Structures are given as structure tokens and as C-alpha cells.
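Q: For reference, the structure I am asking about is given below.
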Amino acid sequence: MWSSAAVAVLAVGAVLIVPPLVQLDEQAVDLSAKLLPPSWAHPFGTDDLGRDLLLRCVHGLRVSLLVGVVAALAATVVGTAVGASAGALGGRADRAVMRVVDAFSSVPHLLMGIFVVAMFRPGVWPVVASVALTHWLTTARIVRAEVLSLRTRPFVDAAVSGGASRWRVGVRHLLPGVLPQAGLAAVLMVPHAIWHESALSFLGLGLPTHRASLGTMIQAARGSLLAGDWWPTLFPGLFIIVPTLAVAGLAGAWRERINPRRRSELML
Amino acid sequence: MARMAGRRLLAAVPVLLAVTLGIFAVAAASPFDPAQAYAGTAGLNASQETLDRLRANLGADRPPLAQWWDWLTSALRGDLGHSAALRRPVAQVLAERLGWSVLLGGVAFAVTVLAGTALGVVAARRRGGPLDRLVTGGSYVLQAAPPFWIGLLAIWLFALHLGVLPAGGLTDTGSDTVTPGSVLRHLVLPALVLAASQLPWFVLYVRQSVGDALDEDPVRGARARGLRERTVLLGHALRSGLLPVLTLVGSRVPELITGALLVETVFSWPGIADATVRAATAVDFPLLAALTVLATAAVLLGNLAADLLHGIADPRVGFDG
């Protein structure tokens, strides 16, 4: 768990601190230094335009992380709102909302993302929206289940018999109870959102090349790879994997904390 | 059981209708213009009058709901529209490409089930041991790795560096004829990469399920009777542990489609997932809409299969759902 935390802190720290501190242009083209293999001067080597890959990976992770966090936050807010209102209202409204959630989740996520991005291209916002649109469903389910179990607790009965309004019960008594679960879902969603964004970018449907995310970099490196140069492909992928594993480790520890009885070993 | 299957199939109809309606709603809300898409570059300097006439000819000037109804009624008659990106009717695109996707997905799934069972059992045998940690750790890494990245590295290693397998497509360069031998050689890499992308969940589930079964009374009883470790593991723990996992397979269709979208693109495999990506890049609405509905239908069928298999495997589960 501590190693996961260290890696996550390191990644976020590097992404926040390095770009303003180093002040190097990650887009600086140097054709005399193109496709150099990893060396001391360029630890990750350079790409087909002579740009330093370590610098580009850090900037790419920055873009990916930003998109991932914004999309995960949006999805969590929507999911929590929908799930909490469905659980709190109950009855016919609950069934109708959950039917919509079921219908939504029978479209494969990446496919729905591709469809939305294809229709609203180009730009950053369609990508964020498509990732958020496909990810709020699980949060809505988790939050609804949690609200349903909280609703039967004595303290809710006490609040209702004390004359609290529906709104007050929902916001003051139910919402605080679901926040840990919603938070866990949000944290687990960030790597998933990054994965999703990279896939869209790799398919050429994601972020524009001047806002290169890790997926865009892997897409751009395909030409070099077919010429036999492996480093422009390898390193951006590692930059996706390592933070994902760190977040999974952290989320596992968090889950054990808020839910110590269910010791399932399955994560992700 | 037949009644339950029939009822679930009926329940799938409104879901599919809702999905088609949603597709048209998204398209209506988007800046996408069918007339411009149809005209291509010629549409950039076409007069407004020409574009309006084109829009009227395409029926794109009518309200979205009417367009949806037109699409639906002609789709039910077998006419799914015309794909501008691939220059042929959508129905023909599906007919040409569906088989290749099913071949790729089927082979990949078989590899996943076989390799996943073996690895899961090996890991479950000594939970916490070095082999277990290796398999579990590897699964998490594989889960986190994007399939397209694995595919690209596999191309580099096997096609470029070692030169043992072709990098993509269906035929060798310079030949147009599709022979079983060439298909087989071109199938190896994409199928293995697709299988690798599906492997982690399967391994982890088998490990969990077989590991739990190893702690249960029947297994303890088998050990007490002095049966060989091999018999206990494969005859008792695996048999009761694998069943719940196998019934889950049907519910993993969305992940298989996601993997296929990426793997078919990397390897230029001429399946429907590759067509989806092309349709999206070219904003080819008729093709994209048909493929989205088709994928949703596949997911619903997979869910139904999972429920039916679950009922067959476990008699305690009723079919009245």
C-alpha cells in the first residue's frame, strides 16, 4: 500500500511540478536528434521529430490526468445525484431511472464513447463528455444500493418522525453516508477514464495532436514502430500502466478500511 | 427455461428501441450535418440552395423523430442505409465483415478460457505463494495495459524483430487470395493479443473461485479419503469452482467488443470493429448507427446466455426472473 501511495504521489507531483519548473518546450523540434535511442541525455530517447520523450511523457500524463480527473468528477457527481435520488424517491421513479441505467449500460462503453466523439468532434470537451457519459452508471448503481440500505436504519426513521423534510433527510442524513463509497468509485474511475481517453486518442478520435495525451503519443509513434524503433511506443504505455496500478493499490487499501468485512481480493 | 428466454428476448426490444432513439437524439443534438457529410469536400463550396436540396433529398430536413421512424421501418425491412465511408450498403458491410470478427473473437475467447483456467488453478493451489504472486501481479499489470499498446509491442517483437508472424491484414503483401493457411498465420497475433486483454479478469475469478472451493467441505472430505492431490484439485475444486466463472462468460461481451475495437484497428483485421472505427473517423452515421445497435444486441444476448447458463449450472437458481 505504501509503495502505491508513493508512486501516486510521485506521479501527481511530477506532473504538477516538472512542467512549470523545467520550463522546457515539450514541442521543441530538433530534426538533427530524431529517433535517438534512450541515452543519458534523453533517458526515454527522442521521437520522429527529435522531441525528448521523457518530457513529452510527463506532459502527456498531465493532459491525460487532467482529462481523467475532470471526467471522473463529472461522472461521480452525475452518478451520485441520479443514484441518490432514485434510491431516496423509491417506487416507480426508482424503477424508471434504473431501467434507463440498464439500457445505457448495454451499449459497450468504448463504442458509446466513439459514437459521441465522432458526432461532436473535434475538441477536448467531447472527449471529456464521452468518458463521463459512459462512467456514471456504476456510481449510480453503487450509490442507489447504499441509499436503499441506509433508508431502513433507525436514524433515518428518527429524522422522518422528527418532521424532517424529504430534502433534508436526503442531504443531511443519506448523502454523508454514501460519500465514502462514491469517493472510492471516483478514485477507481480516474485510471479507467485515462484508459478510455487513451483508447479514443489512439483511434484518432481523441485529443488533438497539439494537446498530446499518452494515447495520442502512442498513435503518433506507429510509424516509427513499424520502422523498428520501439521506444516512442513503449514509454507512454508504461506511463499509463504504473499510475493505474498505484491507484488500484490505494483503492484496495481504502476499500478494506471502509468495508473491512468484505475481503474480496478482486480490484479494478 | 424457454419461457424465461422468450420473456427476456421480449424485454430486450424496448431496450434496443431506446438505444436507437438515443442514437438519433445524440445525432440531432450534435453539429453533424448529413448533407455536408454526403457531399464531402464538394460541400465546402456548394451553394446553400444545393445543400438544402440535398438535405431534402436525404430527408435530413425532417424532424429527428420522423427520421428515426424512417430508419427503423426500413431497418426492419433489411435496408440499413448506405455507408459513405466504405461505399456500399451497410447490410453488405455487415455480411462481409461479421464472420471475420466472430472468428477472431471466438478464437481469442477459447484461448482466454483455456489459458485462464490453467493460470487460475496454478495460482489458487498455493495462495500467497510465489507462483500465485507472479500470476496475480501479472494479471493486474495486464489489466492496466491498454490492448492497443500490447498489440503494437507484439507487432514490433514478432513481426519486425523476430520476423516470424505477419504484422496485420489478412493476406501476405502482393497476393489478394485468402487461403486458410494465410488466414491462420495472420490470426495468431491479433487473437493472442485480444485473448491477453480478456485474460486478467478470467484468471482472477478462477483463482478466487477455485481457491474458495479448496476451503470447502467436499474438498476436505476428498483429502480425508486420501485422494491424490491431482484428483482433489482437478476433480473436485476445479469442477465446482469453474462453473460459476463459465456462466459469467456471457456477461463479458462488452469487454470483448472493447478489446476487438482496439485490436482490429491495430492489426487492420477486416472485421466489424475495424469498420466501426472507420465509420467514426469518417462520421459515417448510417454505418455507425447500425454497428452500435448490433453491438447492443450482442451484449443483451450475452447477458441472456449468462443467465440461462447460470440456471442450468446451478439448479437452485429459478428461471422465473
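Every chain in the C-alpha cells has a letter given in the order shown (A, B, ...), and although residue numbers restart at 1 in each chain, ligands are simply numbered from 1 in the order shown.
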Per residue of chain A within 8 Å of chain B, record the nearest atom pair and its distance in Å to one decimal, counting only C-alpha atoms, with rows in chain order and ascending residue number, as a Markdown table.
A:
```
| residue | atom | partner | partner_atom | distance |
| --- | --- | --- | --- | --- |
| A:Ala103 | CA | B:Val15 | CA | 5.4 |
| A:Phe104 | CA | B:Val19 | CA | 7.6 |
| A:Ser106 | CA | B:Thr296 | CA | 5.7 |
| A:Val107 | CA | B:Thr296 | CA | 4.9 |
| A:Pro108 | CA | B:Pro254 | CA | 4.8 |
| A:His109 | CA | B:Pro254 | CA | 7.4 |
| A:Leu110 | CA | B:Thr258 | CA | 5.8 |
| A:Leu111 | CA | B:Thr292 | CA | 6.9 |
| A:Met112 | CA | B:Thr292 | CA | 7.6 |
| A:Ile114 | CA | B:Ala280 | CA | 6.6 |
| A:Phe115 | CA | B:Ala280 | CA | 6.6 |
| A:Val116 | CA | B:Val26 | CA | 7.3 |
| A:Ala118 | CA | B:Ala280 | CA | 5.1 |
| A:Met119 | CA | B:Phe32 | CA | 5.8 |
| A:Phe120 | CA | B:Ser30 | CA | 5.6 |
| A:Trp195 | CA | B:Pro146 | CA | 6.8 |
| A:Ala199 | CA | B:Leu262 | CA | 7.4 |
| A:Phe202 | CA | B:Phe148 | CA | 8.0 |
| A:Leu203 | CA | B:Val277 | CA | 7.1 |
| A:Gly204 | CA | B:Thr281 | CA | 7.4 |
| A:Leu205 | CA | B:Thr281 | CA | 6.8 |
| A:Ile218 | CA | B:Trp149 | CA | 7.4 |
| A:Arg222 | CA | B:Leu152 | CA | 7.7 |
| A:Leu225 | CA | B:Trp156 | CA | 6.6 |
| A:Leu226 | CA | B:Trp156 | CA | 7.0 |
| A:Gly228 | CA | B:Leu160 | CA | 6.5 |
| A:Trp230 | CA | B:Trp156 | CA | 7.0 |
| A:Thr233 | CA | B:Trp149 | CA | 7.3 |
| A:Leu234 | CA | B:Leu153 | CA | 7.4 |
| A:Gly237 | CA | B:Trp149 | CA | 6.3 |
| A:Leu238 | CA | B:Ala145 | CA | 7.9 |
| A:Ile240 | CA | B:Ala145 | CA | 7.2 |
| A:Ile241 | CA | B:Ala144 | CA | 5.2 |
| A:Thr244 | CA | B:Ala144 | CA | 6.1 |
| A:Leu245 | CA | B:Ala144 | CA | 6.7 |
| A:Glu265 | CA | B:Gln208 | CA | 7.7 |
| A:Leu266 | CA | B:Leu204 | CA | 7.0 |
```
Q: Residues at most 10 Å from range 139-149 of chain A, counting only C-alpha atoms, excluding those fewer than 2 positions away in the same chain, as JSON, numbers by chain?
A: {"A": [75, 76, 77, 78, 79, 80, 81, 82, 83, 84, 85, 86, 87, 88, 89, 90, 94, 97, 98, 101, 102, 135, 136, 137, 151, 152, 153, 170, 173, 174, 175, 177, 178, 179, 180, 181, 182, 183, 184, 185, 186, 189]}
Q: Keeping only C-alpha atoms, write the selected residues as a short mmCIF file (atom, residue, chain, number, x, y, z; two decimals), in the first residue's frame.
A:
```
data_model
loop_
_atom_site.label_atom_id
_atom_site.label_comp_id
_atom_site.auth_asym_id
_atom_site.auth_seq_id
_atom_site.Cartn_x
_atom_site.Cartn_y
_atom_site.Cartn_z
CA ALA A 75 -19.34 11.19 -13.74
CA THR A 76 -19.30 10.90 -9.94
CA VAL A 77 -21.44 13.99 -9.45
CA VAL A 78 -23.99 12.81 -12.04
CA GLY A 79 -23.92 9.22 -10.79
CA THR A 80 -24.31 10.23 -7.14
CA ALA A 81 -27.16 12.61 -7.94
CA VAL A 82 -29.02 10.06 -10.05
CA GLY A 83 -28.36 7.12 -7.73
CA ALA A 84 -29.23 9.04 -4.57
CA SER A 85 -32.46 10.46 -5.97
CA ALA A 86 -33.52 7.08 -7.36
CA GLY A 87 -32.84 5.42 -4.00
CA ALA A 88 -34.45 8.21 -1.98
CA LEU A 89 -37.57 8.56 -4.14
CA GLY A 90 -38.12 4.81 -4.49
CA ASP A 94 -36.64 4.40 -8.93
CA VAL A 97 -34.37 5.50 -13.54
CA MET A 98 -32.78 2.10 -13.10
CA VAL A 101 -29.31 2.94 -16.39
CA ASP A 102 -29.68 -0.66 -17.59
CA HIS A 135 -18.85 6.09 -16.48
CA TRP A 136 -21.62 7.46 -14.26
CA LEU A 137 -23.63 4.23 -14.43
CA ARG A 151 -33.04 4.24 4.37
CA THR A 152 -34.02 1.41 6.68
CA ARG A 153 -31.73 2.50 9.51
CA GLY A 170 -31.62 13.21 1.71
CA HIS A 173 -28.66 12.07 6.57
CA LEU A 174 -28.33 9.97 3.44
CA LEU A 175 -25.74 11.85 1.36
CA GLY A 177 -23.42 8.10 4.34
CA VAL A 178 -22.85 7.39 0.66
CA LEU A 179 -19.90 9.72 0.19
CA PRO A 180 -17.18 7.17 1.14
CA GLN A 181 -18.49 4.69 -1.44
CA ALA A 182 -18.90 7.41 -4.05
CA GLY A 183 -15.38 8.64 -3.30
CA LEU A 184 -13.96 5.16 -3.74
CA ALA A 185 -15.80 4.81 -7.04
CA ALA A 186 -14.45 8.21 -8.15
CA MET A 189 -12.68 5.77 -12.08
#
```
Q: Extract the full set of alpha helix (DSSP H) residues from range 97-280 of chain B according to DSSP on the backbone, and format it as a PyMOL selection string.
A: chain B and resi 97-125+130-144+147-154+180-214+217-224+229-230+238-248+253-266+272-280
Q: If we count only C-alpha atoms, what is near Ser224 in chain A at a cut-off of 10 Å, once residues fewer than 3 positions away on the same chain are taken out, given as a JSON list (two decimals) with N, CA and C atoms, in the first residue's frame?
A:
```json
[["chain", "number", "residue", "atom", "x", "y", "z"],
["A", 35, "LEU", "N", 14.66, 10.36, -33.39],
["A", 35, "LEU", "CA", 14.66, 8.92, -33.14],
["A", 35, "LEU", "C", 15.97, 8.41, -32.53],
["A", 47, "ASP", "N", 11.55, 11.26, -30.24],
["A", 47, "ASP", "CA", 10.59, 10.76, -31.23],
["A", 47, "ASP", "C", 11.00, 11.18, -32.64],
["A", 48, "ASP", "N", 10.11, 10.96, -33.61],
["A", 48, "ASP", "CA", 10.49, 11.17, -35.01],
["A", 48, "ASP", "C", 10.69, 12.64, -35.37],
["A", 220, "ALA", "N", 0.79, 8.46, -32.59],
["A", 220, "ALA", "CA", 1.76, 9.15, -33.45],
["A", 220, "ALA", "C", 3.01, 8.30, -33.65],
["A", 221, "ALA", "N", 3.29, 7.38, -32.71],
["A", 221, "ALA", "CA", 4.53, 6.61, -32.79],
["A", 221, "ALA", "C", 4.40, 5.38, -33.68],
["A", 227, "ALA", "N", 9.03, 1.11, -38.33],
["A", 227, "ALA", "CA", 10.40, 1.20, -38.82],
["A", 227, "ALA", "C", 11.36, 0.54, -37.84],
["A", 228, "GLY", "N", 10.84, -0.01, -36.74],
["A", 228, "GLY", "CA", 11.68, -0.77, -35.82],
["A", 228, "GLY", "C", 12.09, -0.02, -34.56],
["A", 229, "ASP", "N", 11.62, 1.23, -34.39],
["A", 229, "ASP", "CA", 12.02, 1.98, -33.19],
["A", 229, "ASP", "C", 10.96, 1.82, -32.12],
["A", 230, "TRP", "N", 11.30, 1.10, -31.04],
["A", 230, "TRP", "CA", 10.30, 0.70, -30.06],
["A", 230, "TRP", "C", 10.07, 1.74, -28.98],
["A", 231, "TRP", "N", 11.06, 2.64, -28.71],
["A", 231, "TRP", "CA", 10.92, 3.47, -27.51],
["A", 231, "TRP", "C", 9.80, 4.50, -27.57],
["A", 232, "PRO", "N", 9.45, 5.10, -28.72],
["A", 232, "PRO", "CA", 8.32, 6.06, -28.66],
["A", 232, "PRO", "C", 6.99, 5.38, -28.33],
["A", 233, "THR", "N", 6.89, 4.06, -28.51],
["A", 233, "THR", "CA", 5.66, 3.35, -28.16],
["A", 233, "THR", "C", 5.71, 2.86, -26.72]]
```
Q: Any idea what's packed within 12 Å of Val15 in chain A, counting only C-alpha atoms, ignoring anything in its chain fewer than 6 positions away? Could you give it as a ChimeraX atom specification?
A: /A:8-9,21-22,54-66,239,243
Q: For the residues selected in the previous step, produce a file with N, CA and C atoms as a PDB file, in the first residue's frame.
A:
```
ATOM      1  N   ALA A   8       1.849   7.071  -6.569  1.00  0.00           N
ATOM      2  CA  ALA A   8       0.790   8.013  -6.939  1.00  0.00           C
ATOM      3  C   ALA A   8       1.216   9.443  -6.636  1.00  0.00           C
ATOM      4  N   VAL A   9       1.810   9.643  -5.433  1.00  0.00           N
ATOM      5  CA  VAL A   9       2.258  10.988  -5.064  1.00  0.00           C
ATOM      6  C   VAL A   9       3.338  11.456  -6.035  1.00  0.00           C
ATOM      7  N   LEU A  21       8.477  24.073 -13.595  1.00  0.00           N
ATOM      8  CA  LEU A  21       9.831  24.233 -13.057  1.00  0.00           C
ATOM      9  C   LEU A  21      10.869  24.145 -14.167  1.00  0.00           C
ATOM     10  N   VAL A  22      10.690  23.183 -15.047  1.00  0.00           N
ATOM     11  CA  VAL A  22      11.737  22.930 -16.041  1.00  0.00           C
ATOM     12  C   VAL A  22      11.665  23.948 -17.166  1.00  0.00           C
ATOM     13  N   LEU A  54      10.918  11.792 -22.539  1.00  0.00           N
ATOM     14  CA  LEU A  54      10.629  11.877 -21.110  1.00  0.00           C
ATOM     15  C   LEU A  54       9.763  13.100 -20.843  1.00  0.00           C
ATOM     16  N   LEU A  55      10.169  14.216 -21.432  1.00  0.00           N
ATOM     17  CA  LEU A  55       9.421  15.454 -21.247  1.00  0.00           C
ATOM     18  C   LEU A  55       8.007  15.312 -21.816  1.00  0.00           C
ATOM     19  N   ARG A  56       7.916  14.714 -22.994  1.00  0.00           N
ATOM     20  CA  ARG A  56       6.599  14.556 -23.620  1.00  0.00           C
ATOM     21  C   ARG A  56       5.713  13.612 -22.808  1.00  0.00           C
ATOM     22  N   CYS A  57       6.305  12.564 -22.230  1.00  0.00           N
ATOM     23  CA  CYS A  57       5.505  11.642 -21.415  1.00  0.00           C
ATOM     24  C   CYS A  57       4.941  12.361 -20.195  1.00  0.00           C
ATOM     25  N   VAL A  58       5.774  13.196 -19.541  1.00  0.00           N
ATOM     26  CA  VAL A  58       5.293  13.918 -18.363  1.00  0.00           C
ATOM     27  C   VAL A  58       4.152  14.846 -18.762  1.00  0.00           C
ATOM     28  N   HIS A  59       4.342  15.571 -19.873  1.00  0.00           N
ATOM     29  CA  HIS A  59       3.273  16.460 -20.334  1.00  0.00           C
ATOM     30  C   HIS A  59       2.055  15.667 -20.763  1.00  0.00           C
ATOM     31  N   GLY A  60       2.273  14.506 -21.392  1.00  0.00           N
ATOM     32  CA  GLY A  60       1.144  13.677 -21.827  1.00  0.00           C
ATOM     33  C   GLY A  60       0.358  13.163 -20.631  1.00  0.00           C
ATOM     34  N   LEU A  61       1.084  12.746 -19.585  1.00  0.00           N
ATOM     35  CA  LEU A  61       0.413  12.263 -18.379  1.00  0.00           C
ATOM     36  C   LEU A  61      -0.398  13.394 -17.754  1.00  0.00           C
ATOM     37  N   ARG A  62       0.155  14.603 -17.825  1.00  0.00           N
ATOM     38  CA  ARG A  62      -0.534  15.781 -17.299  1.00  0.00           C
ATOM     39  C   ARG A  62      -1.878  15.962 -18.003  1.00  0.00           C
ATOM     40  N   VAL A  63      -1.854  15.899 -19.343  1.00  0.00           N
ATOM     41  CA  VAL A  63      -3.091  16.044 -20.114  1.00  0.00           C
ATOM     42  C   VAL A  63      -4.050  14.899 -19.794  1.00  0.00           C
ATOM     43  N   SER A  64      -3.518  13.664 -19.802  1.00  0.00           N
ATOM     44  CA  SER A  64      -4.374  12.504 -19.545  1.00  0.00           C
ATOM     45  C   SER A  64      -4.995  12.574 -18.159  1.00  0.00           C
ATOM     46  N   LEU A  65      -4.153  12.950 -17.180  1.00  0.00           N
ATOM     47  CA  LEU A  65      -4.635  13.006 -15.797  1.00  0.00           C
ATOM     48  C   LEU A  65      -5.714  14.067 -15.656  1.00  0.00           C
ATOM     49  N   LEU A  66      -5.507  15.213 -16.305  1.00  0.00           N
ATOM     50  CA  LEU A  66      -6.488  16.296 -16.235  1.00  0.00           C
ATOM     51  C   LEU A  66      -7.820  15.823 -16.805  1.00  0.00           C
ATOM     52  N   PHE A 239       3.691   4.793 -18.863  1.00  0.00           N
ATOM     53  CA  PHE A 239       3.149   5.922 -18.106  1.00  0.00           C
ATOM     54  C   PHE A 239       1.658   5.767 -17.855  1.00  0.00           C
ATOM     55  N   PRO A 243       0.783   4.469 -13.053  1.00  0.00           N
ATOM     56  CA  PRO A 243      -0.185   5.170 -12.191  1.00  0.00           C
ATOM     57  C   PRO A 243      -1.459   4.366 -11.966  1.00  0.00           C
TER      58      PRO A 243
END
```
Q: Quick one: residues within 7 Å of Leu188 in chain A, only C-alpha atoms, excluding same-chain residues fewer than 6 positions away - as a list of chain:residue names?
A: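 Using only C-alpha atoms, the neighbours found are A:Val247, A:Ala248, A:Ala251.
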Q: State, in Å with one decimal place, the distance from CA of Gly271 in chain B to CA of Leu187 in chain B.
A: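 Interatomic distance here is 11.9 Å.
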Q: Find the spatial neighbours of Leu233 in chain B, counting only C-alpha atoms, within a cut-off of 12 Å - ignore same-chain residues fewer than 3 positions away - and output them as a PyMOL selection string.
A: chain B and resi 118+120-126+210-215+218-220+222-223+227-230+236-242
Q: Grab the CA of Lys34 in chain A to CA of Ser268 in chain B distance for me, in Å with one decimal place.
A: 27.5 Å
